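The file model38.txt comes next; it holds compact mmCIF, C-alpha atoms.
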# COMPACT_ATOMS: atom_id res chain seq x y z
CA MET A 9 8.67 -1.76 26.59
CA ARG A 10 5.91 0.56 25.43
CA LEU A 11 7.56 0.78 22.01
CA LEU A 12 7.70 -3.01 21.73
CA GLU A 13 4.08 -3.33 22.80
CA ARG A 14 3.07 -0.71 20.27
CA MET A 15 5.01 -2.46 17.52
CA ARG A 16 3.43 -5.79 18.46
CA LYS A 17 0.00 -4.22 18.30
CA GLU A 18 0.64 -2.48 14.97
CA TRP A 19 2.53 -5.36 13.37
CA PHE A 20 0.29 -5.33 10.31
CA MET A 21 1.01 -1.66 9.53
CA ILE A 22 4.73 -2.27 10.02
CA GLY A 23 4.44 -5.29 7.75
CA ILE A 24 2.89 -3.16 5.00
CA VAL A 25 5.80 -0.70 5.15
CA LEU A 26 8.33 -3.54 5.07
CA ALA A 27 6.50 -5.25 2.20
CA ILE A 28 6.56 -2.08 0.09
CA ALA A 29 10.21 -1.41 0.95
CA GLY A 30 11.17 -4.99 0.08
CA ALA A 31 9.30 -4.75 -3.22
CA LYS A 32 11.16 -1.55 -4.04
CA LEU A 33 14.57 -3.05 -3.26
CA GLU A 34 14.12 -6.25 -5.28
CA PRO A 35 10.90 -6.27 -7.33
CA SER A 36 11.98 -9.20 -9.50
CA ILE A 37 11.26 -11.69 -6.70
CA GLY A 38 7.54 -11.05 -6.48
CA MET A 39 6.74 -9.87 -10.00
CA ASN A 40 4.69 -11.96 -12.40
CA GLY A 41 6.90 -14.77 -13.66
CA GLY A 42 9.33 -14.30 -10.75
CA PRO A 43 10.41 -16.90 -8.17
CA LEU A 44 7.25 -16.47 -6.08
CA LYS A 45 4.99 -17.08 -9.10
CA PRO A 46 2.24 -14.68 -7.87
CA GLU A 47 0.08 -15.53 -10.89
CA ILE A 48 -0.46 -18.85 -9.11
CA THR A 49 0.46 -18.39 -5.44
CA VAL A 50 -1.46 -15.11 -5.06
CA SER A 51 -4.23 -15.26 -7.65
CA TYR A 52 -5.29 -18.74 -6.58
CA ILE A 53 -3.59 -20.13 -3.45
CA ALA A 54 -3.53 -16.95 -1.34
CA VAL A 55 -7.13 -15.95 -2.06
CA ALA A 56 -8.34 -19.52 -1.56
CA THR A 57 -6.48 -19.65 1.78
CA ILE A 58 -8.24 -16.50 2.98
CA PHE A 59 -11.70 -17.87 2.25
CA PHE A 60 -10.91 -21.34 3.56
CA ASN A 61 -9.76 -19.58 6.73
CA SER A 62 -13.05 -17.66 6.85
CA GLY A 63 -15.00 -20.88 6.34
CA LEU A 64 -13.22 -22.43 9.32
CA SER A 65 -13.72 -19.46 11.63
CA LEU A 66 -17.38 -18.61 10.90
CA ASN A 67 -20.43 -20.39 12.21
CA THR A 68 -22.76 -21.64 9.50
CA GLU A 69 -25.59 -19.71 11.14
CA GLU A 70 -23.68 -16.45 10.65
CA LEU A 71 -23.28 -17.11 6.93
CA THR A 72 -26.89 -18.07 6.37
CA SER A 73 -28.22 -15.11 8.39
CA ALA A 74 -26.04 -12.73 6.38
CA LEU A 75 -27.94 -13.66 3.22
CA VAL A 76 -31.17 -12.07 4.45
CA HIS A 77 -29.69 -8.62 5.13
CA ILE A 78 -31.14 -7.23 1.92
CA LYS A 79 -30.88 -3.55 2.86
CA LEU A 80 -27.24 -3.96 3.85
CA HIS A 81 -26.38 -5.69 0.58
CA LEU A 82 -28.23 -3.10 -1.49
CA PHE A 83 -26.42 -0.27 0.27
CA ILE A 84 -22.98 -1.79 -0.29
CA GLN A 85 -23.52 -2.67 -3.94
CA ILE A 86 -25.20 0.62 -4.88
CA PHE A 87 -22.53 2.61 -3.06
CA THR A 88 -19.73 0.58 -4.67
CA LEU A 89 -20.94 0.21 -8.25
CA ALA A 90 -23.10 3.31 -8.72
CA PHE A 91 -22.62 6.15 -6.27
CA PHE A 92 -18.85 5.94 -5.90
CA PRO A 93 -17.98 5.80 -9.65
CA ALA A 94 -20.36 8.72 -10.34
CA ALA A 95 -18.93 10.80 -7.49
CA VAL A 96 -15.36 10.12 -8.64
CA TRP A 97 -16.32 11.16 -12.18
CA LEU A 98 -17.68 14.49 -10.93
CA PHE A 99 -14.56 15.05 -8.83
CA LEU A 100 -12.25 14.27 -11.75
CA GLN A 101 -14.14 16.71 -13.98
CA LEU A 102 -12.98 19.45 -11.63
CA LEU A 103 -9.41 18.13 -11.67
CA SER A 104 -9.38 17.97 -15.48
CA ILE A 105 -8.82 21.75 -15.63
CA THR A 106 -5.60 21.35 -13.64
CA PRO A 107 -2.21 20.34 -15.12
CA ILE A 108 -2.50 16.80 -13.70
CA ASN A 109 -1.59 14.09 -16.19
CA GLU A 110 -4.72 13.02 -18.07
CA TRP A 111 -3.84 9.34 -17.84
CA LEU A 112 -3.56 9.53 -14.07
CA LEU A 113 -7.10 10.85 -13.92
CA LYS A 114 -8.30 8.12 -16.26
CA GLY A 115 -6.56 5.56 -14.07
CA LEU A 116 -8.36 6.87 -10.99
CA GLN A 117 -11.68 6.65 -12.80
CA THR A 118 -10.93 3.13 -14.00
CA VAL A 119 -10.13 1.86 -10.51
CA GLY A 120 -13.16 3.72 -9.17
CA CYS A 121 -15.33 1.55 -11.42
CA MET A 122 -13.84 -1.71 -10.19
CA PRO A 123 -15.90 -4.17 -8.11
CA PRO A 124 -15.02 -4.74 -4.43
CA PRO A 125 -11.91 -6.80 -3.65
CA VAL A 126 -12.40 -10.39 -2.58
CA SER A 127 -9.58 -10.68 -0.06
CA SER A 128 -8.75 -7.41 1.71
CA ALA A 129 -12.45 -6.66 2.27
CA VAL A 130 -12.88 -9.80 4.33
CA ILE A 131 -9.57 -9.53 6.18
CA LEU A 132 -9.94 -5.91 7.27
CA THR A 133 -13.59 -6.37 8.19
CA LYS A 134 -12.54 -9.22 10.47
CA ALA A 135 -9.70 -7.11 11.88
CA VAL A 136 -12.05 -4.36 13.08
CA GLY A 137 -14.64 -6.77 14.46
CA GLY A 138 -17.29 -6.23 11.81
CA ASN A 139 -19.79 -8.49 10.12
CA GLU A 140 -17.39 -10.84 8.37
CA ALA A 141 -20.16 -13.00 6.93
CA ALA A 142 -21.77 -9.98 5.24
CA ALA A 143 -18.36 -8.90 3.95
CA ILE A 144 -17.79 -12.33 2.41
CA PHE A 145 -21.17 -12.30 0.68
CA ASN A 146 -20.80 -8.76 -0.68
CA SER A 147 -17.22 -9.28 -1.80
CA ALA A 148 -18.15 -12.40 -3.73
CA PHE A 149 -21.46 -11.09 -5.06
CA GLY A 150 -19.94 -7.72 -5.98
CA SER A 151 -17.13 -9.41 -7.86
CA PHE A 152 -19.55 -11.54 -9.86
CA LEU A 153 -21.72 -8.48 -10.49
CA GLY A 154 -18.67 -6.47 -11.55
CA ILE A 155 -18.07 -8.82 -14.47
CA VAL A 156 -21.07 -7.17 -16.14
CA VAL A 157 -21.29 -3.76 -14.45
CA THR A 158 -17.64 -2.64 -14.61
CA PRO A 159 -17.34 -2.75 -18.44
CA LEU A 160 -20.59 -0.77 -18.68
CA LEU A 161 -19.28 1.83 -16.24
CA LEU A 162 -16.03 2.18 -18.19
CA LEU A 163 -17.99 2.64 -21.38
CA LEU A 164 -20.18 5.26 -19.72
CA PHE A 165 -17.47 7.31 -18.02
CA LEU A 166 -14.46 6.82 -20.30
CA GLY A 167 -16.10 5.93 -23.60
CA SER A 168 -13.93 2.84 -23.92
CA SER A 169 -14.94 -0.77 -24.13
CA SER A 170 -13.13 -4.08 -23.94
CA SER A 171 -13.88 -7.77 -24.19
CA VAL A 172 -14.35 -9.53 -20.87
CA PRO A 173 -13.53 -13.26 -20.49
CA PHE A 174 -16.68 -14.03 -18.51
CA THR A 175 -16.12 -17.77 -18.30
CA SER A 176 -12.54 -17.64 -16.99
CA ILE A 177 -13.29 -14.85 -14.48
CA PHE A 178 -16.42 -16.59 -13.22
CA SER A 179 -14.64 -19.93 -12.84
CA GLN A 180 -11.68 -18.32 -11.07
CA LEU A 181 -13.93 -16.52 -8.59
CA PHE A 182 -15.92 -19.69 -7.99
CA MET A 183 -12.82 -21.84 -7.40
CA THR A 184 -10.98 -19.31 -5.19
CA VAL A 185 -13.92 -17.93 -3.19
CA VAL A 186 -16.96 -20.21 -3.11
CA VAL A 187 -15.29 -23.64 -3.09
CA PRO A 188 -12.70 -22.87 -0.33
CA LEU A 189 -15.45 -21.30 1.80
CA ILE A 190 -17.62 -24.42 1.49
CA ILE A 191 -14.68 -26.72 2.22
CA GLY A 192 -13.82 -24.63 5.28
CA GLN A 193 -17.38 -24.99 6.55
CA ILE A 194 -17.31 -28.77 6.02
CA VAL A 195 -13.99 -29.15 7.85
CA ARG A 196 -15.30 -26.95 10.67
CA ARG A 197 -18.12 -29.43 11.35
CA TYR A 198 -15.57 -32.11 12.25
CA ILE A 199 -13.14 -29.99 14.30
CA LYS A 200 -15.53 -27.43 15.78
CA ASP A 201 -14.77 -28.38 19.40
CA TRP A 202 -11.02 -28.18 18.79
CA LEU A 203 -11.36 -24.77 17.12
CA GLU A 204 -13.41 -23.39 20.00
CA ARG A 205 -10.96 -24.78 22.54
CA LYS A 206 -7.71 -23.68 20.85
CA GLN A 207 -8.93 -20.44 19.25
CA PRO A 208 -6.44 -20.42 16.31
CA PRO A 209 -5.24 -16.97 15.16
CA PHE A 210 -7.40 -16.81 12.04
CA GLY A 211 -7.04 -13.03 11.79
CA ALA A 212 -3.25 -13.12 11.93
CA VAL A 213 -3.09 -15.84 9.27
CA SER A 214 -5.33 -13.90 6.88
CA SER A 215 -3.46 -10.64 7.51
CA SER A 216 -0.16 -12.35 6.75
CA VAL A 217 -1.56 -13.59 3.45
CA LEU A 218 -2.72 -10.05 2.66
CA LEU A 219 0.83 -8.78 3.25
CA MET A 220 2.02 -11.23 0.60
CA ILE A 221 -0.60 -9.89 -1.81
CA ILE A 222 0.52 -6.31 -1.13
CA TYR A 223 4.17 -7.27 -1.60
CA THR A 224 3.64 -8.94 -4.97
CA THR A 225 1.40 -6.08 -6.14
CA PHE A 226 4.16 -3.55 -5.50
CA CYS A 227 6.77 -5.84 -7.02
CA ASP A 228 4.76 -5.77 -10.23
CA THR A 229 4.42 -1.99 -9.98
CA PHE A 230 8.11 -1.28 -9.38
CA SER A 231 9.23 -3.73 -12.06
CA ASN A 232 7.30 -1.89 -14.75
CA PRO A 233 9.85 0.23 -16.66
CA SER A 234 7.15 2.28 -18.38
CA ILE A 235 6.11 3.96 -15.12
CA ASP A 236 7.63 7.42 -15.14
CA LEU A 237 5.97 9.70 -12.61
CA ASP A 238 7.58 12.84 -11.31
CA LYS A 239 7.47 13.41 -7.56
CA PHE A 240 4.94 16.22 -7.85
CA SER A 241 2.44 14.04 -9.72
CA LEU A 242 2.96 11.16 -7.32
CA LEU A 243 2.41 13.34 -4.23
CA LEU A 244 -0.62 14.95 -5.84
CA VAL A 245 -2.16 11.58 -6.63
CA LEU A 246 -1.53 10.42 -3.05
CA PHE A 247 -3.21 13.56 -1.75
CA ILE A 248 -6.22 13.02 -4.03
CA ILE A 249 -6.53 9.39 -2.92
CA CYS A 250 -6.34 10.27 0.78
CA SER A 251 -8.91 13.03 0.30
CA ILE A 252 -11.32 10.67 -1.48
CA GLN A 253 -10.68 7.99 1.12
CA LEU A 254 -11.37 10.15 4.16
CA SER A 255 -14.33 11.95 2.57
CA PHE A 256 -16.18 8.75 1.71
CA MET A 257 -15.29 7.10 5.00
CA LEU A 258 -16.83 10.06 6.83
CA LEU A 259 -19.87 10.12 4.53
CA THR A 260 -20.49 6.41 4.94
CA PHE A 261 -19.91 6.55 8.69
CA ILE A 262 -22.50 9.31 9.08
CA TYR A 263 -25.02 7.33 7.05
CA SER A 264 -24.26 3.98 8.68
CA THR A 265 -24.70 5.27 12.26
CA ARG A 266 -28.42 5.35 11.52
CA ASN A 267 -28.31 1.54 11.40
CA PRO A 268 -29.35 0.11 14.82
CA ASN A 269 -27.17 -2.97 14.33
CA ALA A 270 -23.59 -2.00 15.16
CA GLU A 271 -22.05 -5.00 13.42
CA ASP A 272 -23.73 -4.07 10.15
CA ARG A 273 -22.61 -0.44 10.06
CA VAL A 274 -20.51 -0.49 6.95
CA CYS A 275 -17.97 2.00 5.70
CA ARG A 276 -17.13 1.45 2.05
CA PRO A 277 -13.77 3.19 1.50
CA ARG A 278 -11.60 2.71 -1.55
CA VAL A 279 -7.93 3.15 -2.21
CA PRO A 280 -7.58 3.50 -5.98
CA LEU A 281 -3.76 3.47 -5.98
CA PHE A 282 -3.47 -0.12 -4.81
CA ASN A 283 -6.92 -1.38 -5.84
CA ILE A 284 -7.43 -2.70 -2.32
CA ARG A 285 -10.80 -1.46 -1.09
CA PRO A 286 -12.06 -3.08 2.11
CA LEU A 287 -15.42 -3.12 3.82
CA ALA A 288 -14.45 -1.54 7.12
CA HIS A 289 -17.05 -2.24 9.79
CA LEU A 290 -17.33 -0.51 13.10
CA PRO A 291 -16.56 -2.64 16.14
CA PRO A 292 -19.42 -4.69 17.59
CA GLY A 293 -21.19 -2.92 20.42
CA ALA A 294 -20.39 0.56 19.17
CA ASN A 295 -23.29 2.96 19.60
CA PRO A 296 -24.06 6.14 17.68
CA PRO A 297 -23.19 9.32 19.61
CA GLY A 298 -25.90 10.05 22.18
CA LYS A 299 -27.45 6.59 22.17
CA ARG A 300 -27.75 4.72 25.45
CA ALA A 301 -25.96 1.42 25.67
CA ARG A 302 -28.13 -1.51 26.68
CA ALA A 303 -27.10 -5.05 27.46
CA ASP A 304 -28.45 -6.17 24.10
CA ASP A 305 -25.86 -3.92 22.44
CA LYS A 306 -23.06 -4.79 24.81
CA VAL A 307 -20.34 -7.24 23.89
CA LEU A 308 -18.37 -8.85 26.71
CA ASP A 309 -15.19 -10.58 25.60
CA GLY A 310 -16.73 -11.09 22.17
CA VAL A 311 -19.91 -12.75 23.55
CA LYS A 312 -23.34 -11.15 23.89
CA ALA A 313 -24.34 -10.46 27.49
CA GLU A 314 -26.89 -12.92 28.77
CA GLY A 315 -28.96 -13.71 31.87
CA SER A 316 -27.89 -11.83 34.98
CA GLU A 317 -25.47 -9.72 32.93
CA ILE A 318 -28.43 -8.29 31.01
CA ASP A 319 -30.28 -7.42 34.23
CA GLU A 320 -27.17 -5.85 35.73
CA ALA A 321 -26.35 -3.87 32.60
CA ASN A 322 -29.93 -2.66 32.13
CA SER A 323 -30.09 -1.48 35.73
CA ILE A 324 -27.43 1.15 35.06
CA THR A 325 -28.78 2.55 31.80
CA GLU A 326 -30.52 5.37 33.64
CA GLU A 327 -27.28 7.30 33.42
CA ALA A 328 -27.25 9.40 30.29
CA VAL A 329 -24.40 8.75 27.93
CA VAL A 330 -22.71 12.01 27.05
CA PRO A 331 -22.18 12.21 23.28
CA GLN A 332 -18.49 12.00 22.45
CA PRO A 333 -17.06 12.90 19.07
CA CYS A 334 -15.40 9.85 17.61
CA ILE A 335 -13.92 8.97 14.27
CA TYR A 336 -13.31 5.40 13.19
CA VAL A 337 -10.49 5.35 10.68
CA GLN A 338 -9.52 2.04 9.18
CA ASP A 339 -6.33 1.98 7.19
CA CYS A 340 -7.22 0.51 3.82
CA THR A 341 -3.87 0.08 2.21
Serialized structure, structure tokens:
Amino acid sequence: MRLLERMRKEWFMIGIVLAIAGAKLEPSIGMNGGPLKPEITVSYIAVATIFFNSGLSLNTEELTSALVHIKLHLFIQIFTLAFFPAAVWLFLQLLSITPINEWLLKGLQTVGCMPPPVSSAVILTKAVGGNEAAAIFNSAFGSFLGIVVTPLLLLLFLGSSSSVPFTSIFSQLFMTVVVPLIIGQIVRRYIKDWLERKQPPFGAVSSSVLLMIIYTTFCDTFSNPSIDLDKFSLLLVLFIICSIQLSFMLLTFIYSTRNPNAEDRVCRPRVPLFNIRPLAHLPPGANPPGKRARADDKVLDGVKAEGSEIDEANSITEEAVVPQPCIYVQDCT
């Protein structure tokens, strides 16, 4: 029974493993041009579904209030499009003296310069109880900003340039992110009572869509006959990615704990191998080590404590909270 409960709880992680295994066994199904037509179903329908889902589940007040979090937005964008690419470049300069394939290092640098993802960022932020509205804004804004910034970063770090189809990228982002989000908000106005009464599994729906994205991504990878990596190089790249991932998660966690608003503490990890880099937020109500928990910080069944609950909770805050070492690790595959 415990095994079944554990599997039910970790269904998303199990789904990732099964998606990768299925892509390895028969990559032709989910590759570009295959039966699933991911160039349409994933690039447009799947992403639009995720943001329509977010539009249905979020209150309009949450979206509008997220726009005024200037410091939060600046931190995410600077960390994503400035600090992280520069730090990866310095790290890869050290690795350049090793026998690692030069093109693997260039690939890591290229992905390190990419803007934030528009789907996994929102889904995984929602999964860990973070500020989904802020994740939506920064994913969309970062993607639009990346149209200009990413080519400049590639030119700076790799000395290579390329033409960017600004119009098509902008229109695709607008149609798959902004429009579905607005439609979701409009529909929510008419069925708000039903949504609050039934509590549909928005998180599970979005996570299932993300599994489809992961599956088709690996189908494309495994169907590429030009990929010829020896096991040593593959394991080494995985080790490098995990090291970068954990290092920046820890760095961002340390910095973000200085933010008094638990929902806005943002960890900005990246996973260059799959180009899926979420905004992993700490759970609402989490306090930095050593900080006393007050009712204003407390979340009861997902709702802020109010009235008598505040008085009751504040009456027990005389007890000192013993600092406990804790590490929040969000899988970002």
Find the residue from A:Cys250, A:Met257, A:Ile177, A:Val185 that sits nearest to Phe59 in chain A; use only C-alpha atoms when measuring.
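Nearest candidate to Phe59 in chain A out of A:Cys250, A:Met257, A:Ile177, A:Val185: A:Val185.
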Work out how far apart CA of Ser176 in chain A and CA of Ile37 in chain A are and give it in Å to one decimal.
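CA of Ile37 in chain A lies 26.6 Å from CA of Ser176 in chain A.
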Atom-to-atom span, CA of Glu13 in chain A and CA of Leu218 in chain A, Å
22.3 Å
Do you know which residues are at most 7 Å from Ser127 in chain A counting only C-alpha atoms, after dropping those on the same chain fewer than 2 positions away, and could you put them as an NGL selection string?
:A and (55 or 58 or 125 or 129-131)
Using CA of Thr184 in chain A and CA of Tyr52 in chain A as the two end points, give the distance in Å to one decimal.
5.9 Å
Can you list, as number ranges by chain, every protein, DNA or RNA residue that comes within 9 Å of Val172 in chain A when you count only C-alpha atoms, leaving out same-chain residues fewer than 6 positions away?
A: 155-156, 159
Could you pull the residues within 9 Å of Thr225 in chain A, counting all atoms listed in the file, minus those fewer than 6 positions along the same chain, as a PyMOL selection string?
chain A and resi 31+38-39+46+282
List the neighbours of Leu166 in chain A out to 12 Å using only C-alpha atoms; skip same-chain residues closer than 2 positions along the sequence, and give me the result as a ChimeraX atom specification.
/A:93-94,97,100-101,110-111,113-121,158-164,168-170
For the selection just defined, write its residues with C-alpha atoms to a file, as an mmCIF file, in the frame of the given file.
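Listing of out01.cif after writing:
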data_model
loop_
_atom_site.group_PDB
_atom_site.id
_atom_site.type_symbol
_atom_site.label_atom_id
_atom_site.label_comp_id
_atom_site.auth_asym_id
_atom_site.auth_seq_id
_atom_site.Cartn_x
_atom_site.Cartn_y
_atom_site.Cartn_z
ATOM 1 C CA PRO A 93 -17.980 5.800 -9.650
ATOM 2 C CA ALA A 94 -20.360 8.720 -10.340
ATOM 3 C CA TRP A 97 -16.320 11.160 -12.180
ATOM 4 C CA LEU A 100 -12.250 14.270 -11.750
ATOM 5 C CA GLN A 101 -14.140 16.710 -13.980
ATOM 6 C CA GLU A 110 -4.720 13.020 -18.070
ATOM 7 C CA TRP A 111 -3.840 9.340 -17.840
ATOM 8 C CA LEU A 113 -7.100 10.850 -13.920
ATOM 9 C CA LYS A 114 -8.300 8.120 -16.260
ATOM 10 C CA GLY A 115 -6.560 5.560 -14.070
ATOM 11 C CA LEU A 116 -8.360 6.870 -10.990
ATOM 12 C CA GLN A 117 -11.680 6.650 -12.800
ATOM 13 C CA THR A 118 -10.930 3.130 -14.000
ATOM 14 C CA VAL A 119 -10.130 1.860 -10.510
ATOM 15 C CA GLY A 120 -13.160 3.720 -9.170
ATOM 16 C CA CYS A 121 -15.330 1.550 -11.420
ATOM 17 C CA THR A 158 -17.640 -2.640 -14.610
ATOM 18 C CA PRO A 159 -17.340 -2.750 -18.440
ATOM 19 C CA LEU A 160 -20.590 -0.770 -18.680
ATOM 20 C CA LEU A 161 -19.280 1.830 -16.240
ATOM 21 C CA LEU A 162 -16.030 2.180 -18.190
ATOM 22 C CA LEU A 163 -17.990 2.640 -21.380
ATOM 23 C CA LEU A 164 -20.180 5.260 -19.720
ATOM 24 C CA SER A 168 -13.930 2.840 -23.920
ATOM 25 C CA SER A 169 -14.940 -0.770 -24.130
ATOM 26 C CA SER A 170 -13.130 -4.080 -23.940
#
What lies within 12 Å of range 194-207 of chain A using all atoms listed in the file, ignoring chain neighbours under 5 positions off, as an MDAnalysis selection string?
chainID A and resid 60:68 187:189 212
Written file, previous selection with C-alpha atoms, as a short mmCIF file (atom, residue, chain, number, x, y, z; two decimals), in the frame of the given file:
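Below is the file again-v4.cif, written as the result:
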data_model
loop_
_atom_site.label_atom_id
_atom_site.label_comp_id
_atom_site.auth_asym_id
_atom_site.auth_seq_id
_atom_site.Cartn_x
_atom_site.Cartn_y
_atom_site.Cartn_z
CA PHE A 60 -10.91 -21.34 3.56
CA ASN A 61 -9.76 -19.58 6.73
CA SER A 62 -13.05 -17.66 6.85
CA GLY A 63 -15.00 -20.88 6.34
CA LEU A 64 -13.22 -22.43 9.32
CA SER A 65 -13.72 -19.46 11.63
CA LEU A 66 -17.38 -18.61 10.90
CA ASN A 67 -20.43 -20.39 12.21
CA THR A 68 -22.76 -21.64 9.50
CA VAL A 187 -15.29 -23.64 -3.09
CA PRO A 188 -12.70 -22.87 -0.33
CA LEU A 189 -15.45 -21.30 1.80
CA ALA A 212 -3.25 -13.12 11.93
#
I'd like to know which of A:Ser231, A:Glu47, A:Ile108, A:Thr57 is closest to Leu243 in chain A, using all atoms listed in the file.
A:Ile108
Which residue, A:Ile191, A:Leu153, A:Ala135, A:Ile48, has the smallest gap to Lys17 in chain A when you use all atoms listed in the file?
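When distances to Lys17 in chain A are compared using all atoms listed in the file, the smallest one comes from A:Ala135.
Closest approach to Ala141 in chain A among A:Leu12, A:Ala74, A:Thr260, A:Asn232 is made by A:Ala74 (distances from all atoms listed in the file).
For the residues A:Ala95, A:Leu33, A:Ala54, A:Ile144, ranking by smallest atom-to-atom distance to Leu75 in chain A using all atoms listed in the file places A:Ile144 first.
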Using all atoms listed in the file, pick whichever of A:Val213, A:Phe99, A:Ser128, A:Met183 has the shortest atom-to-atom distance to Ser251 in chain A.
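Once distances to Ser251 in chain A are computed over all atoms listed in the file, the minimum belongs to A:Phe99.
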